[in-house]
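K.L.:
My structure is below; once you've seen it, I'll send some questions.
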Amino acid sequence: MASEHVLSSTSENISAASEENEKIAVYLINGKPKIFNAKDAATLREYYRMVGVLVGCLPRNPRQNVHLGLPVQLMPEELSVLLNKGYAKLLKEKPVGPEECEQRIRVMEQERKANFEAQQQLYREDRRQEMVKQMSHIMEGKKAKRQRLLQAAGKDTPAEEATATIKEEEVCLDKVSITPTAEKHMLQQLFTENPWKREMRNAEEDWTYPTSEAEKVRCAVFQDLWEKQYYLTSGQKFGGDFLAYPGDPSRFHSFYIVMCVGKDQPLPALDIISMGRLGSNVRKTVLLASLDSGGHAQYTSLQWTGMS
Amino acid sequence: MTECMESSGDHPVLEEFLLHHSCDTAKARLAFHVYLNLAEVRGWRDVKLHFCKKLQTPFVTGRPTLGGDLEAAFPMAMEDSLTHQQIQSLFSSLSADDHSFNRVMLAVCASDTSIVYYKVSNDIVKPEPLDASDARKQEWEQRAAKRRIQAAECIESYCQHQSQQHDEMPP
């Protein structure tokens, strides 16, 4: 069976990470593998060809879910391959007790207070600088105001006197009062990494995938196609198990809809026809995949003949 | 379908086939149906009916175009099902004149005698790119237009010929 090697990739000879801290940290949260580090997510995609799915809120654009942000969530097959090859380590956070939570709240409030005071100071400096720049305008404004007040009081002072009085006041900039900003206008730091000290433990024994026969077929087919240099994502949009791309999914359309079946699972003729038709209508080849008796992946391409 | 095809005298090809091979009659009739469809409706060349001993089932071979590659068609009733293993075995078991097939047409027959053909390949086959299918469509449209013009010309010349003959007829 001729295998097709599409775009040659930089990751043809990826060796397992020799040290634990070279491995990419994947966190198991509620049974789903997630990556929170932006650099790791980029490495996974560009070097390891594991695309995953963004499932988090995008901080710069929170109130929508068209464009999501970190963390990246991996398919179970993606994690299994990464663990099998030694490219990633699976971690789970040790749960935090109520005392530590209290402590974290205290630290957070202290930080916020210090931050606010520092910002106030900076704001004052900033305002003072601005005043120096706008000195002429401020003086004119004060002069006009002074004259209006004098006229209203009925006095008739020559213009120079008025200007002189103003000048004295303006020299002492330090005495000029600057209204402090309210706390609601304070700038708040958004952390790009979890700032707390945490205890992590290895969670690989918690990872039992794949268990059922169907899961084993999926996992083996995924690994085989991944080793053939394809990029693979979830195939739910087209009713298949995976979609296989010749390159990064952001730059290419998928070529194949992969359907994993048991080798002795009877496929009704009508199912074969609907699979073939689907493929033709969306300009993709349907790939039927199963494991032979030796456990190796075998593929059959399904195409409509166009004979109507 | 068996009712309408039951007749006192079967087609000689079918009769010869049943004579030479100990094949289930229903399967043989199904295969023969595909044979007729390919030979008479689709216009395939060198269409032949075969019997695969390994799988104990008939199949059809032929060339879609004159001088083109030999293709195999595997008949299947709409109510049937195949496992992936069985599909894979088609590639290793079907052979005609020492010619094995890496690609087989699955001919799914419905009870109303309509047949749908699907290509199964023992390979990871890239889908046809957009420009290739556009080119194919364009070529087909050009041929259809040519056929229409030719047909119109034939009709025109026939009518002229007829009117000439009419004029030349003795009163």
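Residues in the structure tokens are numbered from 1 in each chain, the chains being A, B, ... in the order shown, and ligands are numbered from 1 in the order shown.
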Mind dumping a table of every chain A residue within 7 Å of chain B, with the nearest atom pair and its distance in Å to one decimal, using only C-alpha atoms, sorted by chain and rising number, as JSON lines?
P.N.:
```
{"residue": "A:Met1", "atom": "CA", "partner": "B:Asp123", "partner_atom": "CA", "distance": 5.9}
{"residue": "A:Ala2", "atom": "CA", "partner": "B:Asp123", "partner_atom": "CA", "distance": 6.1}
{"residue": "A:Ser3", "atom": "CA", "partner": "B:Ile124", "partner_atom": "CA", "distance": 6.7}
{"residue": "A:Glu4", "atom": "CA", "partner": "B:Ile124", "partner_atom": "CA", "distance": 6.7}
{"residue": "A:Phe255", "atom": "CA", "partner": "B:Pro127", "partner_atom": "CA", "distance": 6.2}
{"residue": "A:Lys263", "atom": "CA", "partner": "B:His84", "partner_atom": "CA", "distance": 5.1}
{"residue": "A:Asp264", "atom": "CA", "partner": "B:Thr83", "partner_atom": "CA", "distance": 5.2}
{"residue": "A:Gln265", "atom": "CA", "partner": "B:Thr83", "partner_atom": "CA", "distance": 5.2}
{"residue": "A:Pro266", "atom": "CA", "partner": "B:Thr83", "partner_atom": "CA", "distance": 4.4}
{"residue": "A:Leu267", "atom": "CA", "partner": "B:Ser81", "partner_atom": "CA", "distance": 5.0}
{"residue": "A:Pro268", "atom": "CA", "partner": "B:Ser81", "partner_atom": "CA", "distance": 3.9}
{"residue": "A:Ala269", "atom": "CA", "partner": "B:Ser81", "partner_atom": "CA", "distance": 5.3}
{"residue": "A:Leu270", "atom": "CA", "partner": "B:Met78", "partner_atom": "CA", "distance": 6.7}
{"residue": "A:Arg283", "atom": "CA", "partner": "B:Pro127", "partner_atom": "CA", "distance": 6.4}
{"residue": "A:Lys284", "atom": "CA", "partner": "B:Pro127", "partner_atom": "CA", "distance": 5.4}
{"residue": "A:Thr285", "atom": "CA", "partner": "B:Pro127", "partner_atom": "CA", "distance": 5.3}
{"residue": "A:Tyr299", "atom": "CA", "partner": "B:Asp123", "partner_atom": "CA", "distance": 6.4}
{"residue": "A:Thr300", "atom": "CA", "partner": "B:Asn122", "partner_atom": "CA", "distance": 5.0}
{"residue": "A:Ser301", "atom": "CA", "partner": "B:Ser121", "partner_atom": "CA", "distance": 5.0}
{"residue": "A:Leu302", "atom": "CA", "partner": "B:Val120", "partner_atom": "CA", "distance": 4.9}
{"residue": "A:Gln303", "atom": "CA", "partner": "B:Lys119", "partner_atom": "CA", "distance": 5.0}
{"residue": "A:Trp304", "atom": "CA", "partner": "B:Tyr118", "partner_atom": "CA", "distance": 4.8}
{"residue": "A:Thr305", "atom": "CA", "partner": "B:Tyr118", "partner_atom": "CA", "distance": 5.5}
{"residue": "A:Met307", "atom": "CA", "partner": "B:Tyr117", "partner_atom": "CA", "distance": 6.9}
```
K.L.:
Write the residues you've just listed into a file as an mmCIF file, in the first residue's frame, and include N, CA, C and O atoms for each of them.
P.N.:
```cif
data_model
loop_
_atom_site.group_PDB
_atom_site.id
_atom_site.type_symbol
_atom_site.label_atom_id
_atom_site.label_comp_id
_atom_site.auth_asym_id
_atom_site.auth_seq_id
_atom_site.Cartn_x
_atom_site.Cartn_y
_atom_site.Cartn_z
ATOM 1 N N MET A 1 0.860 -1.185 0.000
ATOM 2 C CA MET A 1 0.000 0.000 0.000
ATOM 3 C C MET A 1 0.890 1.225 0.000
ATOM 4 O O MET A 1 1.740 1.386 0.861
ATOM 5 N N ALA A 2 0.737 2.029 -0.999
ATOM 6 C CA ALA A 2 1.593 3.219 -1.093
ATOM 7 C C ALA A 2 1.165 4.220 -0.038
ATOM 8 O O ALA A 2 0.000 4.550 0.087
ATOM 9 N N SER A 3 2.118 4.667 0.740
ATOM 10 C CA SER A 3 1.757 5.695 1.732
ATOM 11 C C SER A 3 2.159 7.033 1.164
ATOM 12 O O SER A 3 3.125 7.156 0.427
ATOM 13 N N GLU A 4 1.434 8.036 1.494
ATOM 14 C CA GLU A 4 1.665 9.337 0.887
ATOM 15 C C GLU A 4 2.350 10.240 1.884
ATOM 16 O O GLU A 4 1.819 10.505 2.943
ATOM 17 N N PHE A 255 -7.841 17.408 3.580
ATOM 18 C CA PHE A 255 -7.974 16.538 2.412
ATOM 19 C C PHE A 255 -8.819 15.318 2.731
ATOM 20 O O PHE A 255 -9.467 14.767 1.855
ATOM 21 N N LYS A 263 -12.389 -3.758 12.307
ATOM 22 C CA LYS A 263 -12.152 -4.438 11.034
ATOM 23 C C LYS A 263 -13.267 -5.424 10.693
ATOM 24 O O LYS A 263 -13.490 -5.743 9.531
ATOM 25 N N ASP A 264 -13.969 -5.924 11.703
ATOM 26 C CA ASP A 264 -15.060 -6.860 11.450
ATOM 27 C C ASP A 264 -16.427 -6.234 11.705
ATOM 28 O O ASP A 264 -17.405 -6.941 11.896
ATOM 29 N N GLN A 265 -16.467 -4.934 11.713
ATOM 30 C CA GLN A 265 -17.728 -4.232 11.935
ATOM 31 C C GLN A 265 -18.462 -4.140 10.602
ATOM 32 O O GLN A 265 -17.942 -3.582 9.636
ATOM 33 N N PRO A 266 -19.684 -4.704 10.498
ATOM 34 C CA PRO A 266 -20.396 -4.658 9.212
ATOM 35 C C PRO A 266 -20.834 -3.240 8.876
ATOM 36 O O PRO A 266 -21.461 -2.567 9.690
ATOM 37 N N LEU A 267 -20.472 -2.790 7.656
ATOM 38 C CA LEU A 267 -20.865 -1.468 7.188
ATOM 39 C C LEU A 267 -21.959 -1.634 6.149
ATOM 40 O O LEU A 267 -21.728 -2.188 5.086
ATOM 41 N N PRO A 268 -23.177 -1.171 6.447
ATOM 42 C CA PRO A 268 -24.248 -1.302 5.456
ATOM 43 C C PRO A 268 -23.923 -0.514 4.194
ATOM 44 O O PRO A 268 -23.268 0.524 4.259
ATOM 45 N N ALA A 269 -24.413 -1.021 3.057
ATOM 46 C CA ALA A 269 -24.151 -0.380 1.765
ATOM 47 C C ALA A 269 -24.564 1.084 1.783
ATOM 48 O O ALA A 269 -23.868 1.951 1.260
ATOM 49 N N LEU A 270 -25.702 1.365 2.412
ATOM 50 C CA LEU A 270 -26.196 2.743 2.447
ATOM 51 C C LEU A 270 -25.248 3.655 3.208
ATOM 52 O O LEU A 270 -25.082 4.820 2.855
ATOM 53 N N ARG A 283 -15.600 17.957 -1.345
ATOM 54 C CA ARG A 283 -14.283 17.923 -1.971
ATOM 55 C C ARG A 283 -13.217 17.360 -1.027
ATOM 56 O O ARG A 283 -12.115 17.898 -0.902
ATOM 57 N N LYS A 284 -13.546 16.269 -0.348
ATOM 58 C CA LYS A 284 -12.569 15.584 0.506
ATOM 59 C C LYS A 284 -12.693 14.092 0.248
ATOM 60 O O LYS A 284 -13.735 13.609 -0.172
ATOM 61 N N THR A 285 -11.623 13.364 0.516
ATOM 62 C CA THR A 285 -11.674 11.907 0.387
ATOM 63 C C THR A 285 -12.029 11.328 1.744
ATOM 64 O O THR A 285 -11.452 11.702 2.765
ATOM 65 N N TYR A 299 -5.953 1.477 5.406
ATOM 66 C CA TYR A 299 -6.834 2.532 4.920
ATOM 67 C C TYR A 299 -7.472 2.179 3.592
ATOM 68 O O TYR A 299 -6.863 1.549 2.736
ATOM 69 N N THR A 300 -8.703 2.623 3.419
ATOM 70 C CA THR A 300 -9.395 2.503 2.142
ATOM 71 C C THR A 300 -9.974 3.868 1.821
ATOM 72 O O THR A 300 -10.665 4.453 2.653
ATOM 73 N N SER A 301 -9.691 4.367 0.605
ATOM 74 C CA SER A 301 -10.253 5.650 0.194
ATOM 75 C C SER A 301 -11.573 5.420 -0.500
ATOM 76 O O SER A 301 -11.718 4.476 -1.286
ATOM 77 N N LEU A 302 -12.547 6.305 -0.216
ATOM 78 C CA LEU A 302 -13.875 6.171 -0.800
ATOM 79 C C LEU A 302 -14.126 7.390 -1.669
ATOM 80 O O LEU A 302 -14.001 8.519 -1.204
ATOM 81 N N GLN A 303 -14.417 7.171 -2.943
ATOM 82 C CA GLN A 303 -14.713 8.298 -3.821
ATOM 83 C C GLN A 303 -15.905 7.978 -4.692
ATOM 84 O O GLN A 303 -16.061 6.859 -5.160
ATOM 85 N N TRP A 304 -16.718 8.976 -4.976
ATOM 86 C CA TRP A 304 -17.830 8.792 -5.886
ATOM 87 C C TRP A 304 -17.267 8.731 -7.300
ATOM 88 O O TRP A 304 -16.347 9.462 -7.641
ATOM 89 N N THR A 305 -17.815 7.872 -8.121
ATOM 90 C CA THR A 305 -17.275 7.743 -9.474
ATOM 91 C C THR A 305 -17.751 8.859 -10.380
ATOM 92 O O THR A 305 -17.217 9.051 -11.451
ATOM 93 N N MET A 307 -20.491 8.689 -11.920
ATOM 94 C CA MET A 307 -21.381 8.089 -12.925
ATOM 95 C C MET A 307 -22.803 8.203 -12.405
ATOM 96 O O MET A 307 -23.155 7.603 -11.401
#
```
K.L.:
Name the residues of region 56-113 of chain B that come out as strand (DSSP E or B) in a backbone DSSP run; write them as a ChimeraX atom specification.
P.N.:
/B:57-63,71-77,81-82,95-96,99-100,103-109
K.L.:
With C-alpha atoms retained, write the just-selected residues as a PDB file, in the first residue's frame.
P.N.:
```pdb
ATOM      1  CA  THR B  57     -18.563 -14.541  -5.483  1.00  0.00           C
ATOM      2  CA  PRO B  58     -18.925 -13.156  -9.038  1.00  0.00           C
ATOM      3  CA  PHE B  59     -17.558  -9.819 -10.217  1.00  0.00           C
ATOM      4  CA  VAL B  60     -17.318  -7.845 -13.464  1.00  0.00           C
ATOM      5  CA  THR B  61     -14.313  -6.364 -15.260  1.00  0.00           C
ATOM      6  CA  GLY B  62     -14.175  -3.916 -18.140  1.00  0.00           C
ATOM      7  CA  ARG B  63     -12.594  -0.785 -19.584  1.00  0.00           C
ATOM      8  CA  GLU B  71     -11.394  -1.791 -13.806  1.00  0.00           C
ATOM      9  CA  ALA B  72     -13.196  -4.246 -11.569  1.00  0.00           C
ATOM     10  CA  ALA B  73     -16.771  -3.829 -10.343  1.00  0.00           C
ATOM     11  CA  PHE B  74     -17.979  -5.692  -7.277  1.00  0.00           C
ATOM     12  CA  PRO B  75     -21.763  -6.147  -7.109  1.00  0.00           C
ATOM     13  CA  MET B  76     -23.511  -5.612  -3.816  1.00  0.00           C
ATOM     14  CA  ALA B  77     -27.203  -5.515  -2.932  1.00  0.00           C
ATOM     15  CA  SER B  81     -23.139  -4.906   4.400  1.00  0.00           C
ATOM     16  CA  LEU B  82     -19.381  -5.326   4.187  1.00  0.00           C
ATOM     17  CA  SER B  95      -7.873 -10.930 -10.171  1.00  0.00           C
ATOM     18  CA  ALA B  96      -8.516 -11.369 -13.865  1.00  0.00           C
ATOM     19  CA  HIS B  99      -4.247  -8.648 -13.164  1.00  0.00           C
ATOM     20  CA  SER B 100      -4.977  -7.719  -9.558  1.00  0.00           C
ATOM     21  CA  ARG B 103      -9.014  -0.015  -6.936  1.00  0.00           C
ATOM     22  CA  VAL B 104     -12.468  -1.592  -7.150  1.00  0.00           C
ATOM     23  CA  MET B 105     -15.868  -0.091  -8.001  1.00  0.00           C
ATOM     24  CA  LEU B 106     -18.483  -1.041  -5.477  1.00  0.00           C
ATOM     25  CA  ALA B 107     -21.696  -1.484  -7.494  1.00  0.00           C
ATOM     26  CA  VAL B 108     -24.618  -1.093  -5.104  1.00  0.00           C
ATOM     27  CA  CYS B 109     -27.843  -2.375  -6.675  1.00  0.00           C
TER      28      CYS B 109
END
```
K.L.:
Leaving out Glu77 (chain A) and any residue of its chain fewer than 5 positions from it, which residues lie within 8 Å of it when counting only C-alpha atoms, given as a list in words?
P.N.:
Arg218, Cys219, Phe222 and Gln223 of chain A
K.L.:
What parts of region 55-261 of chain A does DSSP call helix (DSSP H, G or I)? I'd like the answer as a ChimeraX atom specification.
P.N.:
/A:76-84,98-133,135-153,159-171,173-175,183-185,204-206,213-227,236-238
K.L.:
Which residues are near Gly43 (chain B)? Cut-off 9 Å, only C-alpha atoms, ignore same chain within fewer than 6 positions. Put them as a PyMOL selection string.
P.N.:
chain B and resi 37+64-65
K.L.:
For Phe191 (chain A), which residue out of A:Asn21, A:Ser274, A:Asn37, A:Ser177 is the nearest one, using only C-alpha atoms?
P.N.:
A:Asn37
K.L.:
Of the residues A:Pro180, A:Cys260, A:Tyr87, A:Ala42, which is the one nearest to Gly240 (chain A), using only C-alpha atoms?
P.N.:
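That would be A:Cys260, the residue with the smallest distance to Gly240 (chain A).
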K.L.:
Choose the residue, out of A:Asn194, A:Lys143, A:Glu227, A:Val221, that has the smallest atom-to-atom separation from Phe242 (chain A); count only C-alpha atoms.
P.N.:
A:Val221
K.L.:
Measuring atom to atom with only C-alpha atoms, identify which of A:Glu130, A:Glu183, A:Glu78, A:Asp271 is nearest to Lys32 (chain A).
P.N.:
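The answer is A:Glu78, which sits nearest to Lys32 (chain A).
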K.L.:
Mind giving me the straight-line distance from CA of Leu28 (chain A) to CA of Glu93 (chain A) in Å, one decimal?
P.N.:
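Pair CA of Leu28 (chain A) / CA of Glu93 (chain A) returns 8.3 Å.
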K.L.:
One number please: CA of Gly294 (chain A) to CA of Tyr209 (chain A), in Å, one decimal.
P.N.:
20.6 Å
K.L.:
State, in Å with one decimal place, the distance from CA of Leu55 (chain B) to CA of Ala214 (chain A).
P.N.:
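So the answer is 27.5 Å.
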K.L.:
Show which residues sit within 7 Å of Gly56 (chain A), as a list in words. Count only C-alpha atoms, and ignore same-chain residues fewer than 5 positions away.
P.N.:
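Contacts, with the query itself left out: Leu68, Gly69, Leu70 and Pro71 of chain A.
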K.L.:
Find the residues near Val217 (chain A): any atom within 12 Å, counting only C-alpha atoms, skip ones fewer than 4 places away on the same chain, and give them as a PDB file with N, CA and C atoms, in the first residue's frame.
P.N.:
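Generated file (around.pdb):
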```pdb
ATOM      1  N   GLU A  77      -6.465  11.632  21.960  1.00  0.00           N
ATOM      2  CA  GLU A  77      -5.459  10.981  21.124  1.00  0.00           C
ATOM      3  C   GLU A  77      -4.176  11.791  21.067  1.00  0.00           C
ATOM      4  N   TYR A 209      -6.836   6.553  29.026  1.00  0.00           N
ATOM      5  CA  TYR A 209      -7.183   6.456  27.607  1.00  0.00           C
ATOM      6  C   TYR A 209      -6.051   5.782  26.858  1.00  0.00           C
ATOM      7  N   PRO A 210      -6.286   4.916  25.865  1.00  0.00           N
ATOM      8  CA  PRO A 210      -7.588   4.392  25.446  1.00  0.00           C
ATOM      9  C   PRO A 210      -7.953   3.101  26.170  1.00  0.00           C
ATOM     10  N   THR A 211      -9.237   2.895  26.415  1.00  0.00           N
ATOM     11  CA  THR A 211      -9.654   1.670  27.101  1.00  0.00           C
ATOM     12  C   THR A 211     -10.494   0.792  26.169  1.00  0.00           C
ATOM     13  N   SER A 212     -11.602   1.308  25.613  1.00  0.00           N
ATOM     14  CA  SER A 212     -12.475   0.474  24.784  1.00  0.00           C
ATOM     15  C   SER A 212     -11.811   0.190  23.436  1.00  0.00           C
ATOM     16  N   GLU A 213     -12.357  -0.803  22.727  1.00  0.00           N
ATOM     17  CA  GLU A 213     -11.816  -1.186  21.422  1.00  0.00           C
ATOM     18  C   GLU A 213     -11.862  -0.017  20.458  1.00  0.00           C
ATOM     19  N   VAL A 221      -4.920   4.786  14.907  1.00  0.00           N
ATOM     20  CA  VAL A 221      -5.039   5.438  13.593  1.00  0.00           C
ATOM     21  C   VAL A 221      -4.483   6.857  13.669  1.00  0.00           C
ATOM     22  N   PHE A 222      -4.793   7.547  14.765  1.00  0.00           N
ATOM     23  CA  PHE A 222      -4.278   8.910  14.943  1.00  0.00           C
ATOM     24  C   PHE A 222      -2.757   8.891  14.918  1.00  0.00           C
ATOM     25  N   GLN A 223      -2.175   8.000  15.691  1.00  0.00           N
ATOM     26  CA  GLN A 223      -0.715   7.958  15.767  1.00  0.00           C
ATOM     27  C   GLN A 223      -0.113   7.652  14.402  1.00  0.00           C
ATOM     28  N   ASP A 224      -0.735   6.711  13.688  1.00  0.00           N
ATOM     29  CA  ASP A 224      -0.203   6.329  12.390  1.00  0.00           C
ATOM     30  C   ASP A 224      -0.238   7.503  11.406  1.00  0.00           C
ATOM     31  N   ASP A 241     -14.211  10.872  12.440  1.00  0.00           N
ATOM     32  CA  ASP A 241     -13.421  10.890  13.667  1.00  0.00           C
ATOM     33  C   ASP A 241     -12.379  11.999  13.633  1.00  0.00           C
ATOM     34  N   VAL A 258     -11.422  11.137   8.196  1.00  0.00           N
ATOM     35  CA  VAL A 258     -11.032   9.801   8.638  1.00  0.00           C
ATOM     36  C   VAL A 258     -12.149   9.199   9.474  1.00  0.00           C
ATOM     37  N   MET A 259     -12.596   7.992   9.069  1.00  0.00           N
ATOM     38  CA  MET A 259     -13.633   7.293   9.837  1.00  0.00           C
ATOM     39  C   MET A 259     -13.020   5.998  10.363  1.00  0.00           C
ATOM     40  N   CYS A 260     -12.949   5.892  11.673  1.00  0.00           N
ATOM     41  CA  CYS A 260     -12.350   4.694  12.276  1.00  0.00           C
ATOM     42  C   CYS A 260     -13.433   3.650  12.513  1.00  0.00           C
ATOM     43  N   VAL A 261     -13.191   2.425  12.035  1.00  0.00           N
ATOM     44  CA  VAL A 261     -14.159   1.338  12.212  1.00  0.00           C
ATOM     45  C   VAL A 261     -13.424   0.099  12.700  1.00  0.00           C
ATOM     46  N   GLY A 262     -14.156  -0.804  13.285  1.00  0.00           N
ATOM     47  CA  GLY A 262     -13.588  -2.094  13.654  1.00  0.00           C
ATOM     48  C   GLY A 262     -13.423  -2.919  12.398  1.00  0.00           C
ATOM     49  N   LYS A 263     -12.389  -3.758  12.307  1.00  0.00           N
ATOM     50  CA  LYS A 263     -12.152  -4.438  11.034  1.00  0.00           C
ATOM     51  C   LYS A 263     -13.267  -5.424  10.693  1.00  0.00           C
ATOM     52  N   LEU A 288     -11.542   5.260   5.179  1.00  0.00           N
ATOM     53  CA  LEU A 288     -12.002   4.264   6.147  1.00  0.00           C
ATOM     54  C   LEU A 288     -10.755   3.676   6.778  1.00  0.00           C
ATOM     55  N   ALA A 289     -10.684   3.694   8.088  1.00  0.00           N
ATOM     56  CA  ALA A 289      -9.477   3.207   8.752  1.00  0.00           C
ATOM     57  C   ALA A 289      -9.830   2.157   9.786  1.00  0.00           C
ATOM     58  N   SER A 290      -9.055   1.073   9.800  1.00  0.00           N
ATOM     59  CA  SER A 290      -9.226   0.071  10.851  1.00  0.00           C
ATOM     60  C   SER A 290      -7.861  -0.545  11.118  1.00  0.00           C
ATOM     61  N   LEU A 291      -7.789  -1.383  12.153  1.00  0.00           N
ATOM     62  CA  LEU A 291      -6.535  -2.054  12.466  1.00  0.00           C
ATOM     63  C   LEU A 291      -6.628  -3.487  11.980  1.00  0.00           C
ATOM     64  N   ASP A 292      -5.590  -3.949  11.278  1.00  0.00           N
ATOM     65  CA  ASP A 292      -5.632  -5.340  10.816  1.00  0.00           C
ATOM     66  C   ASP A 292      -5.301  -6.262  11.994  1.00  0.00           C
ATOM     67  N   SER A 293      -5.253  -7.569  11.729  1.00  0.00           N
ATOM     68  CA  SER A 293      -5.059  -8.523  12.823  1.00  0.00           C
ATOM     69  C   SER A 293      -3.709  -8.310  13.513  1.00  0.00           C
ATOM     70  N   GLY A 295      -2.546  -5.389  14.210  1.00  0.00           N
ATOM     71  CA  GLY A 295      -2.596  -4.118  14.925  1.00  0.00           C
ATOM     72  C   GLY A 295      -2.113  -2.940  14.107  1.00  0.00           C
ATOM     73  N   HIS A 296      -1.891  -3.140  12.795  1.00  0.00           N
ATOM     74  CA  HIS A 296      -1.435  -2.034  11.949  1.00  0.00           C
ATOM     75  C   HIS A 296      -2.613  -1.377  11.271  1.00  0.00           C
ATOM     76  N   ALA A 297      -2.494  -0.063  11.085  1.00  0.00           N
ATOM     77  CA  ALA A 297      -3.597   0.685  10.477  1.00  0.00           C
ATOM     78  C   ALA A 297      -3.665   0.379   8.991  1.00  0.00           C
ATOM     79  N   GLN A 298      -4.869   0.122   8.500  1.00  0.00           N
ATOM     80  CA  GLN A 298      -5.090  -0.071   7.069  1.00  0.00           C
ATOM     81  C   GLN A 298      -6.159   0.913   6.614  1.00  0.00           C
TER      82      GLN A 298
END
```
K.L.:
Env of region 10-24 of chain B: 10 Å cut, atoms = only C-alpha atoms, seq-sep filter 3 positions within chain, self excluded. Answer as a list of chain:residue names.
P.N.:
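Contacts, in chain order: B:Met5, B:Glu6, B:Ser7, B:Lys27, B:Ala28, B:Arg29, B:Ala31, B:Phe32, B:His33, B:Tyr35, B:Lys48, B:Leu49, B:His50, B:Phe51, B:Cys52, B:Lys53, B:Gln56, B:Thr57, B:Pro58.
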